[in-house]
>>> print(open('final-v4.cif').read())   # mmCIF, C-alpha atoms
data_protein
loop_
_atom_site.label_atom_id
_atom_site.label_comp_id
_atom_site.auth_asym_id
_atom_site.auth_seq_id
_atom_site.Cartn_x
_atom_site.Cartn_y
_atom_site.Cartn_z
CA MET A 1 172.21 60.05 109.11
CA ALA A 2 173.03 63.74 108.71
CA ARG A 3 169.42 64.59 109.52
CA THR A 4 169.63 62.70 112.80
CA GLN A 5 172.57 64.85 113.86
CA ASN A 6 170.70 68.19 113.66
CA VAL A 7 169.31 68.21 117.20
CA GLU A 8 168.36 71.88 117.33
CA ARG A 9 165.74 71.56 114.57
CA MET A 10 164.35 68.17 115.55
CA GLU A 11 160.58 68.11 116.02
CA THR A 12 159.54 66.19 119.11
CA SER A 13 156.32 64.85 120.55
CA GLU A 14 155.18 62.27 123.09
CA VAL A 15 155.78 58.88 121.50
CA SER A 16 154.46 55.55 122.78
CA LEU A 17 157.39 53.14 122.58
CA PRO A 18 155.18 50.04 123.07
CA ASP A 19 153.07 51.17 120.10
CA LEU A 20 156.20 51.51 117.96
CA LEU A 21 157.25 48.00 118.99
CA ASP A 22 153.83 46.57 118.13
CA VAL A 23 153.85 48.25 114.70
CA ALA A 24 157.37 46.95 113.97
CA LEU A 25 156.49 43.38 114.95
CA ARG A 26 153.20 43.38 113.01
CA ALA A 27 154.93 44.73 109.89
CA ARG A 28 157.37 41.81 110.01
CA THR A 29 154.88 39.01 110.62
CA ALA A 30 155.71 37.31 107.31
CA ALA A 31 159.47 37.34 108.00
CA ILE A 32 158.87 36.01 111.52
CA GLU A 33 156.66 33.21 110.18
CA ASP A 34 159.08 32.39 107.33
CA LYS A 35 161.85 31.75 109.86
CA HIS A 36 159.49 30.05 112.33
CA LEU A 37 160.60 32.40 115.09
CA SER A 38 158.93 32.60 118.44
CA VAL A 39 158.45 36.17 119.64
CA GLU A 40 158.07 37.25 123.24
CA ARG A 41 156.91 40.83 123.73
CA GLU A 42 156.78 42.56 127.09
CA ALA A 43 155.89 46.22 127.37
CA GLY A 44 154.33 48.48 129.92
CA GLU A 45 153.40 52.11 129.44
CA ALA A 46 156.39 54.05 128.15
CA LEU A 47 155.95 57.50 126.66
CA TYR A 48 159.05 59.30 125.54
CA ARG A 49 159.42 62.83 124.20
CA GLY A 50 161.40 62.51 120.99
CA ASN A 51 161.19 62.49 117.23
CA GLY A 52 158.55 59.92 116.31
CA THR A 53 159.95 59.19 112.86
CA LEU A 54 163.46 58.59 114.17
CA LEU A 55 162.26 56.51 117.12
CA ALA A 56 160.15 54.36 114.76
CA SER A 57 163.26 53.82 112.63
CA LEU A 58 165.24 52.89 115.75
CA VAL A 59 162.70 50.23 116.78
CA ASP A 60 162.31 48.97 113.19
CA ASN A 61 166.08 48.52 112.84
CA LEU A 62 166.37 46.68 116.17
CA VAL A 63 163.56 44.29 115.22
CA ASP A 64 164.90 43.82 111.67
CA ASN A 65 168.33 42.95 113.04
CA ALA A 66 166.89 40.43 115.49
CA ILE A 67 164.90 38.68 112.75
CA HIS A 68 167.41 38.72 109.92
CA HIS A 69 170.38 37.57 111.99
CA ASN A 70 168.54 34.74 113.67
CA GLU A 71 168.41 31.03 113.02
CA PRO A 72 165.34 29.23 111.64
CA GLY A 73 163.20 28.17 114.58
CA GLY A 74 164.89 30.72 116.82
CA TRP A 75 163.45 33.34 119.09
CA VAL A 76 163.18 37.09 119.59
CA ARG A 77 162.48 38.82 122.91
CA ALA A 78 161.45 42.48 122.81
CA GLN A 79 160.86 44.57 125.92
CA VAL A 80 159.99 48.16 126.65
CA MET A 81 160.25 49.32 130.24
CA THR A 82 160.91 52.37 132.34
CA SER A 83 163.19 53.00 135.28
CA ARG A 84 163.59 55.89 137.69
CA ASP A 85 165.95 58.57 136.37
CA GLU A 86 168.68 59.08 138.96
CA ASP A 87 170.22 62.17 137.32
CA GLU A 88 168.15 65.08 138.62
CA ASP A 89 170.25 67.66 136.70
CA GLU A 90 169.35 66.20 133.32
CA ASP A 91 167.28 68.24 130.86
CA GLU A 92 163.56 67.45 131.17
CA ASP A 93 163.30 66.92 127.38
CA ASP A 94 165.55 63.85 127.72
CA ARG A 95 163.11 62.06 130.02
CA THR A 96 159.82 60.32 129.54
CA SER A 97 156.76 62.37 130.40
CA THR A 98 156.66 60.74 133.84
CA GLY A 99 160.27 61.49 134.81
CA LEU A 100 161.38 57.94 134.08
CA ARG A 101 164.04 56.69 131.68
CA ALA A 102 162.77 54.50 128.85
CA ARG A 103 164.53 51.28 127.95
CA ILE A 104 164.08 49.15 124.83
CA ILE A 105 165.70 45.71 124.82
CA VAL A 106 165.66 43.42 121.81
CA GLU A 107 167.39 40.04 122.10
CA ASN A 108 167.63 37.18 119.69
CA GLY A 109 169.13 33.76 119.40
CA GLY A 110 171.55 33.02 116.64
CA PRO A 111 175.19 32.23 116.01
CA VAL A 112 177.69 32.74 118.80
CA LEU A 113 179.52 36.05 118.42
CA THR A 114 182.44 37.42 120.37
CA GLN A 115 182.04 40.73 122.17
CA ALA A 116 184.83 42.14 119.96
CA GLU A 117 182.71 41.33 116.88
CA VAL A 118 179.61 42.83 118.46
CA ASP A 119 181.49 46.02 119.33
CA LEU A 120 181.91 46.64 115.59
CA LEU A 121 178.20 46.35 114.79
CA GLY A 122 177.32 49.93 115.79
CA GLN A 123 179.73 51.23 113.13
CA PRO A 124 178.55 51.88 109.55
CA PHE A 125 178.91 49.07 107.01
CA GLN A 126 179.98 46.46 109.56
CA ARG A 127 178.75 42.97 108.76
CA LEU A 128 180.28 39.94 110.41
CA GLY A 129 181.20 36.67 108.77
CA PRO A 130 179.28 34.70 106.14
CA GLN A 131 176.22 34.22 108.35
CA ARG A 132 175.72 38.00 108.38
CA THR A 133 177.12 39.01 104.96
CA SER A 134 175.26 36.36 102.97
CA GLN A 135 171.95 38.02 103.87
CA PRO A 136 170.48 41.13 102.27
CA GLY A 137 171.25 44.46 103.89
CA THR A 138 173.83 47.19 103.94
CA GLY A 139 175.30 46.84 107.40
CA LEU A 140 173.79 50.18 108.46
CA GLY A 141 170.95 49.04 110.75
CA LEU A 142 172.70 49.22 114.10
CA SER A 143 174.75 52.28 113.12
CA ILE A 144 171.46 54.04 112.35
CA VAL A 145 170.20 52.95 115.77
CA ALA A 146 173.39 54.34 117.35
CA ALA A 147 172.95 57.70 115.58
CA ILE A 148 169.30 58.01 116.64
CA VAL A 149 170.17 57.10 120.23
CA ALA A 150 172.90 59.75 120.24
CA VAL A 151 170.52 62.45 118.98
CA HIS A 152 168.14 61.57 121.80
CA HIS A 153 171.01 61.73 124.33
CA GLY A 154 170.62 58.06 125.09
CA ARG A 155 172.85 55.03 125.31
CA LEU A 156 173.13 51.91 123.14
CA LEU A 157 174.62 48.75 124.61
CA LEU A 158 175.27 45.78 122.34
CA ARG A 159 176.19 42.52 124.04
CA ALA A 160 177.05 39.11 122.68
CA ARG A 161 174.97 36.44 124.38
CA ASP A 162 176.97 33.47 125.68
CA GLU A 163 174.39 31.09 124.16
CA GLY A 164 174.48 32.87 120.79
CA GLY A 165 172.74 35.87 119.37
CA LEU A 166 172.70 39.48 120.45
CA ARG A 167 171.23 41.68 123.15
CA ALA A 168 170.64 45.27 122.04
CA GLU A 169 169.64 47.66 124.81
CA VAL A 170 168.66 51.28 124.25
CA GLU A 171 168.24 53.65 127.16
CA LEU A 172 166.56 56.98 126.48
#
>>> encode(input="final-v4.cif", output="structure tokens")
Amino acid sequence: MARTQNVERMETSEVSLPDLLDVALRARTAAIEDKHLSVEREAGEALYRGNGTLLASLVDNLVDNAIHHNEPGGWVRAQVMTSRDEDEDEDEDDRTSTGLRARIIVENGGPVLTQAEVDLLGQPFQRLGPQRTSQPGTGLGLSIVAAIVAVHHGRLLLRARDEGGLRAEVEL
């Protein structure tokens, strides 16, 4: 994560967030099929100026989390969208190429979590209960996402869903 914190030297380019989402979902087809998950993908055009490698890791970690911490026969919903940036004083490099803010939302079904539990998930090495610790992983996925979001001057919101599962929303 130390590399993600060196903003001054970060190489940036125009990155298609829907393309990153498609690559992440395709790469995990076997895991999705093994768990019999239904996947709903919704994405419009969303270009964002950022580090392509880090943004790919961000999307990969969000999708991995949604698959691995899901129930067999569950679902994943992944969206990429844009919204008008209301902060006119913000640095142009922190916006999409069209002056819009980019938003990535990945939701999944799964066990019911409290918001207090979810609030811990953006911290390194946090894994909740036997349903999360009995699965492979290090507990770094969402903390990596949080670090990448911070480097891109964005915002990560993690919310427990009342019906179970998690909603992870990234705004860049």
>>> atom_distance(input="final-v4.cif", atom1="atom CA of Leu157 of chain A", atom2="atom CA of Pro72 of chain A")
25.2 Å
>>> atom_distance(input="final-v4.cif", atom1="atom CA of Gly154 of chain A", atom2="atom CA of Arg41 of chain A")
22.1 Å
>>> atom_distance(input="final-v4.cif", atom1="atom CA of Ile105 of chain A", atom2="atom CA of Arg9 of chain A")
27.8 Å
>>> closest_atom_pairs(input="final-v4.cif", of="segment 12-41 of chain A", to="segment 55-69 of chain A", cutoff="7 Å", atoms="all atoms listed in the file", output="CSV")
residue,atom,partner,partner_atom,distance
A:Leu20,CA,A:Ala56,CA,5.8
A:Leu21,CA,A:Val59,CA,6.3
A:Ala24,CA,A:Asp60,CA,5.4
A:Ile32,CA,A:Ile67,CA,6.7
>>> axis_aligned_box(input="final-v4.cif", around="segment 58-66 of chain A", padding_each_side="5 Å", output="AutoDock Vina command-line options")
--center_x 165.3 --center_y 46.7 --center_z 114.2 --size_x 16.0 --size_y 22.5 --size_z 15.1
>>> resolve_selection(input="final-v4.cif", expression="the PyMOL selection byres ((chain A and resi 34) around 12)", output="VMD selection string")
chain A and resid 28 to 33 35 to 38 67 to 68 70 to 74
>>> closest_residue(input="final-v4.cif", among="A:Val151, A:Leu140, A:Leu25, A:Met10", to="Leu120 of chain A", atoms="all atoms listed in the file")
A:Leu140
>>> closest_residue(input="final-v4.cif", among="A:Ala102, A:Ala168, A:Val76, A:Arg155", to="Val118 of chain A", atoms="all atoms listed in the file")
A:Ala168
>>> build_atoms(input="final-v4.cif", residues="segment 56-85 of chain A", atoms="N, CA and C atoms", output="mmCIF file, in the frame of the given file")
data_model
loop_
_atom_site.group_PDB
_atom_site.id
_atom_site.type_symbol
_atom_site.label_atom_id
_atom_site.label_comp_id
_atom_site.auth_asym_id
_atom_site.auth_seq_id
_atom_site.Cartn_x
_atom_site.Cartn_y
_atom_site.Cartn_z
ATOM 1 N N ALA A 56 160.720 55.490 115.506
ATOM 2 C CA ALA A 56 160.150 54.360 114.760
ATOM 3 C C ALA A 56 161.247 53.651 113.973
ATOM 4 N N SER A 57 162.140 54.410 113.366
ATOM 5 C CA SER A 57 163.260 53.820 112.630
ATOM 6 C C SER A 57 164.175 53.044 113.558
ATOM 7 N N LEU A 58 164.411 53.564 114.746
ATOM 8 C CA LEU A 58 165.240 52.890 115.750
ATOM 9 C C LEU A 58 164.652 51.520 116.072
ATOM 10 N N VAL A 59 163.353 51.491 116.413
ATOM 11 C CA VAL A 59 162.700 50.230 116.780
ATOM 12 C C VAL A 59 162.667 49.283 115.580
ATOM 13 N N ASP A 60 162.335 49.809 114.400
ATOM 14 C CA ASP A 60 162.310 48.970 113.190
ATOM 15 C C ASP A 60 163.667 48.313 112.959
ATOM 16 N N ASN A 61 164.744 49.070 113.073
ATOM 17 C CA ASN A 61 166.080 48.520 112.840
ATOM 18 C C ASN A 61 166.459 47.477 113.877
ATOM 19 N N LEU A 62 166.085 47.683 115.136
ATOM 20 C CA LEU A 62 166.370 46.680 116.170
ATOM 21 C C LEU A 62 165.637 45.375 115.873
ATOM 22 N N VAL A 63 164.359 45.490 115.505
ATOM 23 C CA VAL A 63 163.560 44.290 115.220
ATOM 24 C C VAL A 63 164.067 43.608 113.946
ATOM 25 N N ASP A 64 164.350 44.398 112.900
ATOM 26 C CA ASP A 64 164.900 43.820 111.670
ATOM 27 C C ASP A 64 166.172 43.029 111.953
ATOM 28 N N ASN A 65 167.074 43.610 112.710
ATOM 29 C CA ASN A 65 168.330 42.950 113.040
ATOM 30 C C ASN A 65 168.090 41.624 113.758
ATOM 31 N N ALA A 66 167.168 41.637 114.718
ATOM 32 C CA ALA A 66 166.890 40.430 115.490
ATOM 33 C C ALA A 66 166.286 39.316 114.636
ATOM 34 N N ILE A 67 165.510 39.681 113.638
ATOM 35 C CA ILE A 67 164.900 38.680 112.750
ATOM 36 C C ILE A 67 165.905 38.184 111.722
ATOM 37 N N HIS A 68 166.541 39.098 111.028
ATOM 38 C CA HIS A 68 167.410 38.720 109.920
ATOM 39 C C HIS A 68 168.661 37.964 110.351
ATOM 40 N N HIS A 69 169.159 38.227 111.527
ATOM 41 C CA HIS A 69 170.380 37.570 111.990
ATOM 42 C C HIS A 69 170.063 36.513 113.036
ATOM 43 N N ASN A 70 169.007 35.793 112.783
ATOM 44 C CA ASN A 70 168.540 34.740 113.670
ATOM 45 C C ASN A 70 168.608 33.421 112.916
ATOM 46 N N GLU A 71 168.432 32.356 113.627
ATOM 47 C CA GLU A 71 168.410 31.030 113.020
ATOM 48 C C GLU A 71 166.978 30.573 112.835
ATOM 49 N N PRO A 72 166.701 29.771 111.802
ATOM 50 C CA PRO A 72 165.340 29.230 111.640
ATOM 51 C C PRO A 72 164.921 28.505 112.924
ATOM 52 N N GLY A 73 163.699 28.771 113.350
ATOM 53 C CA GLY A 73 163.200 28.170 114.580
ATOM 54 C C GLY A 73 163.693 28.862 115.833
ATOM 55 N N GLY A 74 164.341 29.980 115.679
ATOM 56 C CA GLY A 74 164.890 30.720 116.820
ATOM 57 C C GLY A 74 163.849 31.560 117.535
ATOM 58 N N TRP A 75 164.330 32.524 118.258
ATOM 59 C CA TRP A 75 163.450 33.340 119.090
ATOM 60 C C TRP A 75 163.899 34.799 119.087
ATOM 61 N N VAL A 76 162.940 35.664 119.400
ATOM 62 C CA VAL A 76 163.180 37.090 119.590
ATOM 63 C C VAL A 76 162.450 37.501 120.861
ATOM 64 N N ARG A 77 163.106 38.272 121.698
ATOM 65 C CA ARG A 77 162.480 38.820 122.910
ATOM 66 C C ARG A 77 162.601 40.338 122.825
ATOM 67 N N ALA A 78 161.459 41.018 122.893
ATOM 68 C CA ALA A 78 161.450 42.480 122.810
ATOM 69 C C ALA A 78 160.748 43.039 124.035
ATOM 70 N N GLN A 79 161.404 43.978 124.701
ATOM 71 C CA GLN A 79 160.860 44.570 125.920
ATOM 72 C C GLN A 79 160.952 46.089 125.859
ATOM 73 N N VAL A 80 159.956 46.721 126.408
ATOM 74 C CA VAL A 80 159.990 48.160 126.650
ATOM 75 C C VAL A 80 159.646 48.348 128.109
ATOM 76 N N MET A 81 160.475 49.099 128.807
ATOM 77 C CA MET A 81 160.250 49.320 130.240
ATOM 78 C C MET A 81 160.735 50.704 130.622
ATOM 79 N N THR A 82 160.429 51.091 131.811
ATOM 80 C CA THR A 82 160.910 52.370 132.340
ATOM 81 C C THR A 82 161.627 52.113 133.657
ATOM 82 N N SER A 83 162.508 53.045 133.990
ATOM 83 C CA SER A 83 163.190 53.000 135.280
ATOM 84 C C SER A 83 163.340 54.425 135.787
ATOM 85 N N ARG A 84 163.461 54.576 137.079
ATOM 86 C CA ARG A 84 163.590 55.890 137.690
ATOM 87 C C ARG A 84 164.879 56.547 137.229
ATOM 88 N N ASP A 85 164.780 57.800 136.818
ATOM 89 C CA ASP A 85 165.950 58.570 136.370
ATOM 90 C C ASP A 85 166.666 59.086 137.614
#
